[in-house]
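Novice: File query_19.tsv follows (TSV, C-alpha atoms):
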```tsv
chain	number	residue	atom	x	y	z
S	219	MET	CA	189.29	-54.22	70.34
S	220	ASP	CA	191.16	-53.39	73.55
S	221	PHE	CA	188.77	-52.91	76.48
S	222	ASP	CA	191.42	-51.95	79.07
S	223	PHE	CA	190.11	-48.41	79.24
S	224	LEU	CA	186.83	-49.84	80.62
S	225	ASP	CA	188.42	-51.80	83.47
S	226	GLY	CA	187.59	-49.30	86.21
S	227	PRO	CA	184.20	-49.11	87.93
S	228	ALA	CA	181.52	-47.58	85.72
S	229	SER	CA	181.02	-44.81	88.28
S	230	SER	CA	184.63	-43.70	87.77
S	231	PHE	CA	184.11	-42.77	84.11
S	232	VAL	CA	183.55	-39.01	83.90
S	233	PRO	CA	183.24	-36.94	80.72
S	234	MET	CA	186.51	-35.39	79.58
S	235	CYS	CA	184.75	-32.56	77.76
S	236	GLU	CA	183.90	-30.17	80.57
S	237	GLY	CA	180.69	-28.23	80.14
S	238	GLY	CA	179.47	-30.54	77.37
S	239	SER	CA	176.69	-33.07	77.28
S	240	THR	CA	177.08	-36.34	79.19
S	241	PHE	CA	175.52	-39.76	78.76
S	242	ASP	CA	175.00	-42.70	81.07
S	243	LEU	CA	177.57	-45.50	80.89
S	244	PRO	CA	176.77	-49.25	81.15
S	245	VAL	CA	175.38	-50.47	84.46
S	246	GLU	CA	177.98	-53.26	84.60
S	247	GLU	CA	180.42	-52.78	87.47
S	248	THR	CA	183.40	-53.30	85.13
S	249	PRO	CA	182.26	-52.97	81.48
S	250	GLY	CA	185.63	-54.07	80.10
S	251	GLU	CA	185.56	-57.36	81.99
S	252	PHE	CA	181.97	-57.97	80.89
S	253	LEU	CA	182.82	-57.55	77.20
S	254	ARG	CA	185.92	-59.77	77.47
S	255	SER	CA	183.81	-62.47	79.16
S	256	CYS	CA	181.68	-62.66	76.01
S	257	GLY	CA	184.70	-63.93	74.07
S	258	LYS	CA	186.63	-62.18	71.32
S	259	ASP	CA	184.37	-63.68	68.62
S	260	SER	CA	181.16	-62.54	70.29
S	261	PRO	CA	179.12	-59.97	68.34
S	262	LEU	CA	179.09	-57.91	71.55
S	263	ALA	CA	182.88	-57.68	71.50
S	264	SER	CA	183.70	-57.56	67.77
S	265	MET	CA	181.26	-54.74	66.91
S	266	LYS	CA	181.83	-55.07	63.14
S	267	HIS	CA	180.15	-52.55	60.88
S	268	GLY	CA	180.25	-51.26	57.32
S	269	THR	CA	178.77	-48.62	55.03
S	270	THR	CA	179.58	-46.33	52.13
S	271	THR	CA	179.20	-42.56	52.25
S	272	LEU	CA	180.70	-39.95	49.94
S	273	GLY	CA	180.81	-36.22	49.33
S	274	PHE	CA	182.43	-33.97	46.77
S	275	ILE	CA	182.50	-30.33	45.76
S	276	PHE	CA	181.83	-29.23	42.17
S	277	GLN	CA	181.10	-25.90	40.52
S	278	GLY	CA	177.41	-26.06	41.43
S	279	GLY	CA	177.68	-27.01	45.10
S	280	VAL	CA	178.31	-30.11	47.23
S	281	VAL	CA	176.93	-33.58	46.51
S	282	ILE	CA	176.40	-36.02	49.40
S	283	ALA	CA	175.43	-39.63	48.68
S	284	VAL	CA	174.99	-42.54	51.09
S	285	ASP	CA	173.56	-46.04	51.33
S	286	SER	CA	171.14	-47.19	54.05
S	287	ARG	CA	172.32	-50.63	55.23
S	288	SER	CA	173.13	-51.23	58.89
S	289	THR	CA	175.04	-54.36	59.87
S	290	GLN	CA	175.94	-56.22	63.08
S	291	GLY	CA	178.76	-58.44	61.98
S	292	SER	CA	177.38	-60.59	59.15
S	293	TYR	CA	173.79	-59.82	60.16
S	294	ILE	CA	171.89	-57.07	58.28
S	295	SER	CA	170.06	-55.30	61.10
S	296	SER	CA	168.33	-52.67	58.95
S	297	GLY	CA	168.03	-51.62	55.34
S	298	THR	CA	166.53	-48.18	55.91
S	299	VAL	CA	168.97	-46.29	58.13
S	300	LYS	CA	169.09	-42.52	57.57
S	301	LYS	CA	172.83	-41.91	57.25
S	302	VAL	CA	172.60	-38.20	56.53
S	303	ILE	CA	172.12	-36.08	59.66
S	304	GLU	CA	170.43	-32.78	58.82
S	305	ILE	CA	172.26	-30.45	61.23
S	306	ASN	CA	170.57	-27.25	60.05
S	307	PRO	CA	169.18	-25.96	56.72
S	308	PHE	CA	172.73	-25.31	55.45
S	309	LEU	CA	174.74	-28.13	57.07
S	310	LEU	CA	174.72	-31.91	56.61
S	311	GLY	CA	176.62	-34.66	58.39
S	312	THR	CA	177.12	-38.25	57.26
S	313	MET	CA	177.17	-41.40	59.37
S	314	ALA	CA	179.88	-44.09	59.18
S	315	GLY	CA	181.03	-46.22	62.11
S	316	GLY	CA	178.78	-46.76	65.10
S	317	ALA	CA	175.26	-45.54	64.33
S	318	ALA	CA	174.57	-44.45	67.91
S	319	ASP	CA	177.87	-42.57	68.23
S	320	CYS	CA	177.42	-40.70	64.94
S	321	ALA	CA	173.76	-39.86	65.54
S	322	PHE	CA	174.30	-38.69	69.14
S	323	TRP	CA	177.29	-36.46	68.54
S	324	GLU	CA	176.06	-34.96	65.28
S	325	ARG	CA	172.76	-34.06	66.93
S	326	GLU	CA	174.77	-32.53	69.76
S	327	LEU	CA	176.66	-30.60	67.06
S	328	GLY	CA	173.31	-29.35	65.75
S	329	ARG	CA	172.45	-28.07	69.24
S	330	GLN	CA	175.74	-26.24	69.55
S	331	CYS	CA	175.40	-24.75	66.06
S	332	ARG	CA	171.96	-23.39	67.01
S	333	LEU	CA	173.37	-21.87	70.21
S	334	TYR	CA	176.10	-20.22	68.14
S	335	GLU	CA	173.47	-18.67	65.87
S	336	LEU	CA	171.49	-17.33	68.83
S	337	GLN	CA	174.58	-15.88	70.52
S	338	ASN	CA	176.24	-14.39	67.42
S	339	LYS	CA	173.21	-13.53	65.25
S	340	GLN	CA	174.71	-15.30	62.24
S	341	ARG	CA	175.05	-18.80	60.80
S	342	ILE	CA	178.01	-20.87	61.84
S	343	SER	CA	180.57	-21.64	59.13
S	344	VAL	CA	181.24	-25.16	57.88
S	345	ALA	CA	184.81	-24.94	59.19
S	346	ALA	CA	183.67	-23.90	62.68
S	347	ALA	CA	181.01	-26.62	62.85
S	348	SER	CA	183.52	-29.30	61.87
S	349	LYS	CA	186.00	-27.93	64.43
S	350	ILE	CA	183.41	-28.19	67.22
S	351	LEU	CA	182.80	-31.85	66.36
S	352	SER	CA	186.53	-32.53	66.06
S	353	ASN	CA	187.16	-31.03	69.52
S	354	ILE	CA	184.39	-33.12	71.10
S	355	LEU	CA	185.72	-36.34	69.58
S	356	TYR	CA	189.30	-35.49	70.54
S	357	TYR	CA	188.28	-35.12	74.19
S	358	TYR	CA	186.58	-38.52	74.10
S	359	ARG	CA	189.50	-40.16	72.27
S	360	GLY	CA	190.25	-43.61	73.71
S	361	TYR	CA	186.72	-44.12	75.04
S	362	GLY	CA	185.79	-46.50	72.24
S	363	LEU	CA	183.74	-44.17	70.03
S	364	SER	CA	183.42	-45.20	66.38
S	365	VAL	CA	182.84	-42.18	64.15
S	366	GLY	CA	183.87	-41.42	60.57
S	367	THR	CA	181.83	-38.49	59.34
S	368	MET	CA	181.79	-35.75	56.74
S	369	ILE	CA	180.45	-32.27	57.50
S	370	ALA	CA	179.25	-30.52	54.36
S	371	GLY	CA	177.55	-27.19	53.86
S	372	TRP	CA	177.54	-23.70	52.44
S	373	ASP	CA	178.58	-20.49	54.20
S	374	LYS	CA	179.88	-17.01	53.37
S	375	LYS	CA	183.05	-18.51	51.88
S	376	GLY	CA	181.11	-20.88	49.63
S	377	PRO	CA	180.89	-24.68	49.71
S	378	GLY	CA	182.76	-26.59	52.42
S	379	LEU	CA	183.52	-30.26	53.00
S	380	TYR	CA	185.37	-31.70	56.01
S	381	TYR	CA	186.18	-35.22	57.18
S	382	VAL	CA	186.14	-35.79	60.96
S	383	ASP	CA	186.78	-39.07	62.78
S	384	ASP	CA	186.78	-40.44	66.32
S	385	ASP	CA	190.38	-39.56	67.20
S	386	GLY	CA	189.78	-35.88	66.43
S	387	THR	CA	191.26	-35.90	62.93
S	388	ARG	CA	189.82	-33.07	60.79
S	389	LEU	CA	190.62	-32.73	57.10
S	390	SER	CA	189.37	-30.26	54.51
S	391	GLY	CA	189.06	-31.47	50.92
S	392	HIS	CA	187.05	-31.50	47.73
S	393	LEU	CA	186.27	-35.23	47.69
S	394	PHE	CA	185.91	-37.89	50.39
S	395	SER	CA	184.44	-41.36	50.71
S	396	VAL	CA	184.13	-43.13	54.06
S	397	GLY	CA	183.23	-46.71	54.97
S	398	SER	CA	183.89	-50.32	54.03
S	399	GLY	CA	182.82	-49.72	50.42
S	400	SER	CA	184.76	-46.48	49.99
S	401	MET	CA	187.45	-48.04	47.79
S	402	HIS	CA	184.80	-49.08	45.27
S	403	ALA	CA	183.25	-45.60	45.39
S	404	TYR	CA	186.65	-43.95	44.97
S	405	GLY	CA	187.22	-45.96	41.78
S	406	VAL	CA	184.14	-44.37	40.23
S	407	LEU	CA	184.76	-40.90	41.68
S	408	ASP	CA	188.40	-40.72	40.61
S	409	SER	CA	187.49	-41.57	37.04
S	410	GLY	CA	184.46	-39.29	36.78
S	411	TRP	CA	184.98	-36.25	39.03
S	412	ARG	CA	185.69	-32.83	37.52
S	413	TYR	CA	185.11	-29.47	39.13
S	414	ASP	CA	183.14	-28.25	36.10
S	415	LEU	CA	180.56	-31.06	36.21
S	416	SER	CA	177.00	-30.03	35.49
S	417	GLU	CA	174.50	-30.45	38.33
S	418	GLU	CA	172.88	-33.41	36.59
S	419	ASP	CA	176.21	-35.15	35.95
S	420	ALA	CA	177.42	-34.53	39.51
S	421	LEU	CA	174.29	-36.07	41.02
S	422	GLU	CA	174.55	-39.05	38.69
S	423	LEU	CA	178.23	-39.53	39.62
S	424	GLY	CA	177.41	-39.65	43.33
S	425	ARG	CA	174.50	-42.03	42.76
S	426	ARG	CA	176.55	-44.33	40.54
S	427	ALA	CA	179.50	-44.42	42.97
S	428	ILE	CA	177.26	-45.58	45.82
S	429	TYR	CA	175.55	-48.10	43.52
S	430	HIS	CA	178.89	-49.68	42.60
S	431	ALA	CA	179.77	-49.91	46.30
S	432	THR	CA	176.47	-51.71	47.00
S	433	HIS	CA	177.26	-54.09	44.13
S	434	ARG	CA	180.73	-55.02	45.41
S	435	ASP	CA	180.63	-54.53	49.20
S	436	ALA	CA	178.44	-56.86	51.30
S	437	TYR	CA	178.17	-54.27	54.10
S	438	THR	CA	176.70	-51.65	51.75
S	439	GLY	CA	173.18	-51.75	50.32
S	440	GLY	CA	169.58	-50.70	50.66
S	441	ILE	CA	168.53	-47.25	49.51
S	442	VAL	CA	170.84	-44.81	47.70
S	443	ASN	CA	170.12	-41.32	49.09
S	444	VAL	CA	171.52	-38.28	47.28
S	445	TYR	CA	171.62	-34.70	48.63
S	446	LEU	CA	172.71	-31.44	47.02
S	447	VAL	CA	173.97	-28.39	48.97
S	448	LYS	CA	173.71	-25.00	47.26
S	449	PRO	CA	173.80	-21.34	48.43
S	450	GLU	CA	170.12	-21.50	49.40
S	451	GLY	CA	170.68	-24.64	51.51
S	452	TRP	CA	170.51	-28.39	51.08
S	453	ARG	CA	167.80	-30.47	49.43
S	454	LYS	CA	167.25	-34.19	49.09
S	455	VAL	CA	167.41	-35.05	45.40
S	456	SER	CA	166.60	-38.75	45.25
S	457	SER	CA	166.08	-41.91	47.29
S	458	GLU	CA	166.22	-45.07	45.18
S	459	ASP	CA	166.61	-48.76	45.95
S	460	CYS	CA	169.96	-50.11	44.74
S	461	CYS	CA	168.22	-53.12	43.15
S	462	ASP	CA	165.95	-50.83	41.15
S	463	LEU	CA	168.97	-48.83	40.02
S	464	HIS	CA	170.70	-52.03	38.93
S	465	TYR	CA	167.90	-53.28	36.71
S	466	ARG	CA	166.70	-49.86	35.51
S	467	LEU	CA	170.00	-48.07	34.81
S	468	TYR	CA	173.20	-50.01	35.34
S	469	LYS	CA	172.70	-53.66	34.39
S	470	GLY	CA	175.02	-54.50	31.50
S	471	LEU	CA	176.91	-51.21	31.86
S	472	THR	CA	180.40	-51.59	30.41
S	473	THR	CA	183.61	-49.67	30.93
S	474	THR	CA	186.69	-49.76	28.71
S	475	VAL	CA	190.04	-49.76	30.51
S	476	THR	CA	193.58	-50.10	29.19
S	477	LEU	CA	195.76	-52.86	30.65
S	478	LYS	CA	199.34	-53.21	29.40
S	479	GLY	CA	198.47	-51.38	26.20
S	480	HIS	CA	195.36	-53.42	25.46
S	481	GLU	CA	191.79	-52.17	25.79
S	482	VAL	CA	189.63	-54.43	27.95
S	483	ILE	CA	185.84	-54.08	28.26
S	484	MET	CA	184.63	-54.66	31.82
S	485	GLU	CA	180.99	-55.16	32.75
```
Could you show the structure in this file as structure tokens?
Specialist:
Amino acid sequence: MDFDFLDGPASSFVPMCEGGSTFDLPVEETPGEFLRSCGKDSPLASMKHGTTTLGFIFQGGVVIAVDSRSTQGSYISSGTVKKVIEINPFLLGTMAGGAADCAFWERELGRQCRLYELQNKQRISVAAASKILSNILYYYRGYGLSVGTMIAGWDKKGPGLYYVDDDGTRLSGHLFSVGSGSMHAYGVLDSGWRYDLSEEDALELGRRAIYHATHRDAYTGGIVNVYLVKPEGWRKVSSEDCCDLHYRLYKGLTTTVTLKGHEVIME
């Protein structure tokens, strides 16, 4: 990571998003020099992290599924992190990247969504909420934030799902997975997703995709939390330990794939 943007005195760092919330910066006189002095292999400087989060739209609503493992490099710092931020009764945000960055800015998004409701006497749309977060992150681009989030919800136009990251990128789609285990989750989602899935099958697909990520990705694990967003709002469907899922549902599960014309059974 390049710390050149932190080379000035801490007092010289001012928020680029005028009128928005601010937060105190490190008390070090030159934060960039401090981090470089720790060495490039220091946990303070490398800031490695991993997770798996996913969301997809189907005919019955939006499914959000996440794991709960928090890592600091190769150290598992927590197994019970809540990676779904409940913005309001109709909006959810997911957490991937730096836990503090995601939690702070998505809670700030919740504050701004509530102000919108009070000023306009109506709920904010999913598109508008994701745009607010995208604008905030764009203004702080280059300040070292680490955010890869999905904003999911239901509004007058129906279900909505957006991906927003720390450089201000904002994408609308029907299916996303974010984090170090996302490639494993995508393998399950791509083979099982259909728009006409039943509610039961959609929830099972999300749960199974996160389970497979916990099985293959060392940075993903803990509890598999599954949420469902419908016209009446979101609800938490299940919260199950990935080890319990393995021994109760998925151990010995086989899949048949075709390689060069030959069917191969994979466990």
Novice: For a quick check of understanding, using all atoms listed in the file, which of S:Leu363, S:Ile428, S:Leu467, S:Leu379 has the smallest distance to Ser398 (chain S)?
Specialist: S:Ile428
Novice: Please list as a PyMOL selection string every residue within 9 Å of region 294-296 of chain S, counting only C-alpha atoms and excluding residues in the same chain fewer than 5 positions away.
Specialist: chain S and resi 286-289+437+440
Novice: At a cut-off of 8 Å, using all atoms listed in the file, what residues contact region 368-372 of chain S? Leave out same-chain residues fewer than 3 positions from it and give the result as a PDB file with C-alpha atoms, in the coordinates of the input.
Specialist:
```
ATOM      1  CA  GLY S 273     180.810 -36.220  49.330  1.00  0.00           C
ATOM      2  CA  VAL S 280     178.310 -30.110  47.230  1.00  0.00           C
ATOM      3  CA  ILE S 282     176.400 -36.020  49.400  1.00  0.00           C
ATOM      4  CA  PHE S 308     172.730 -25.310  55.450  1.00  0.00           C
ATOM      5  CA  LEU S 309     174.740 -28.130  57.070  1.00  0.00           C
ATOM      6  CA  LEU S 310     174.720 -31.910  56.610  1.00  0.00           C
ATOM      7  CA  GLY S 311     176.620 -34.660  58.390  1.00  0.00           C
ATOM      8  CA  THR S 312     177.120 -38.250  57.260  1.00  0.00           C
ATOM      9  CA  MET S 313     177.170 -41.400  59.370  1.00  0.00           C
ATOM     10  CA  SER S 343     180.570 -21.640  59.130  1.00  0.00           C
ATOM     11  CA  VAL S 344     181.240 -25.160  57.880  1.00  0.00           C
ATOM     12  CA  ALA S 347     181.010 -26.620  62.850  1.00  0.00           C
ATOM     13  CA  SER S 348     183.520 -29.300  61.870  1.00  0.00           C
ATOM     14  CA  LYS S 375     183.050 -18.510  51.880  1.00  0.00           C
ATOM     15  CA  GLY S 376     181.110 -20.880  49.630  1.00  0.00           C
ATOM     16  CA  PRO S 377     180.890 -24.680  49.710  1.00  0.00           C
ATOM     17  CA  GLY S 378     182.760 -26.590  52.420  1.00  0.00           C
ATOM     18  CA  LEU S 379     183.520 -30.260  53.000  1.00  0.00           C
ATOM     19  CA  TYR S 380     185.370 -31.700  56.010  1.00  0.00           C
ATOM     20  CA  TYR S 381     186.180 -35.220  57.180  1.00  0.00           C
ATOM     21  CA  VAL S 382     186.140 -35.790  60.960  1.00  0.00           C
ATOM     22  CA  PHE S 394     185.910 -37.890  50.390  1.00  0.00           C
ATOM     23  CA  VAL S 447     173.970 -28.390  48.970  1.00  0.00           C
ATOM     24  CA  LYS S 448     173.710 -25.000  47.260  1.00  0.00           C
ATOM     25  CA  PRO S 449     173.800 -21.340  48.430  1.00  0.00           C
ATOM     26  CA  GLY S 451     170.680 -24.640  51.510  1.00  0.00           C
ATOM     27  CA  TRP S 452     170.510 -28.390  51.080  1.00  0.00           C
TER      28      TRP S 452
END
```
Novice: Enclose all atoms of region 375-386 of chain S listed in the file in an axis-aligned box, grow every side by 3 Å, and hand back centre and edge lengths in Å to one decimal, as lines of an AutoDock Vina configuration file.
Specialist:
```
center_x = 185.6
center_y = -29.5
center_z = 58.4
size_x = 15.5
size_y = 27.9
size_z = 23.6
```
Novice: Please measure the separation of CA of Val284 (chain S) and CA of Thr271 (chain S), giving the value in Å to one decimal.
Specialist: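 Value for the CA of Val284 (chain S)-CA of Thr271 (chain S) distance: 4.4 Å.
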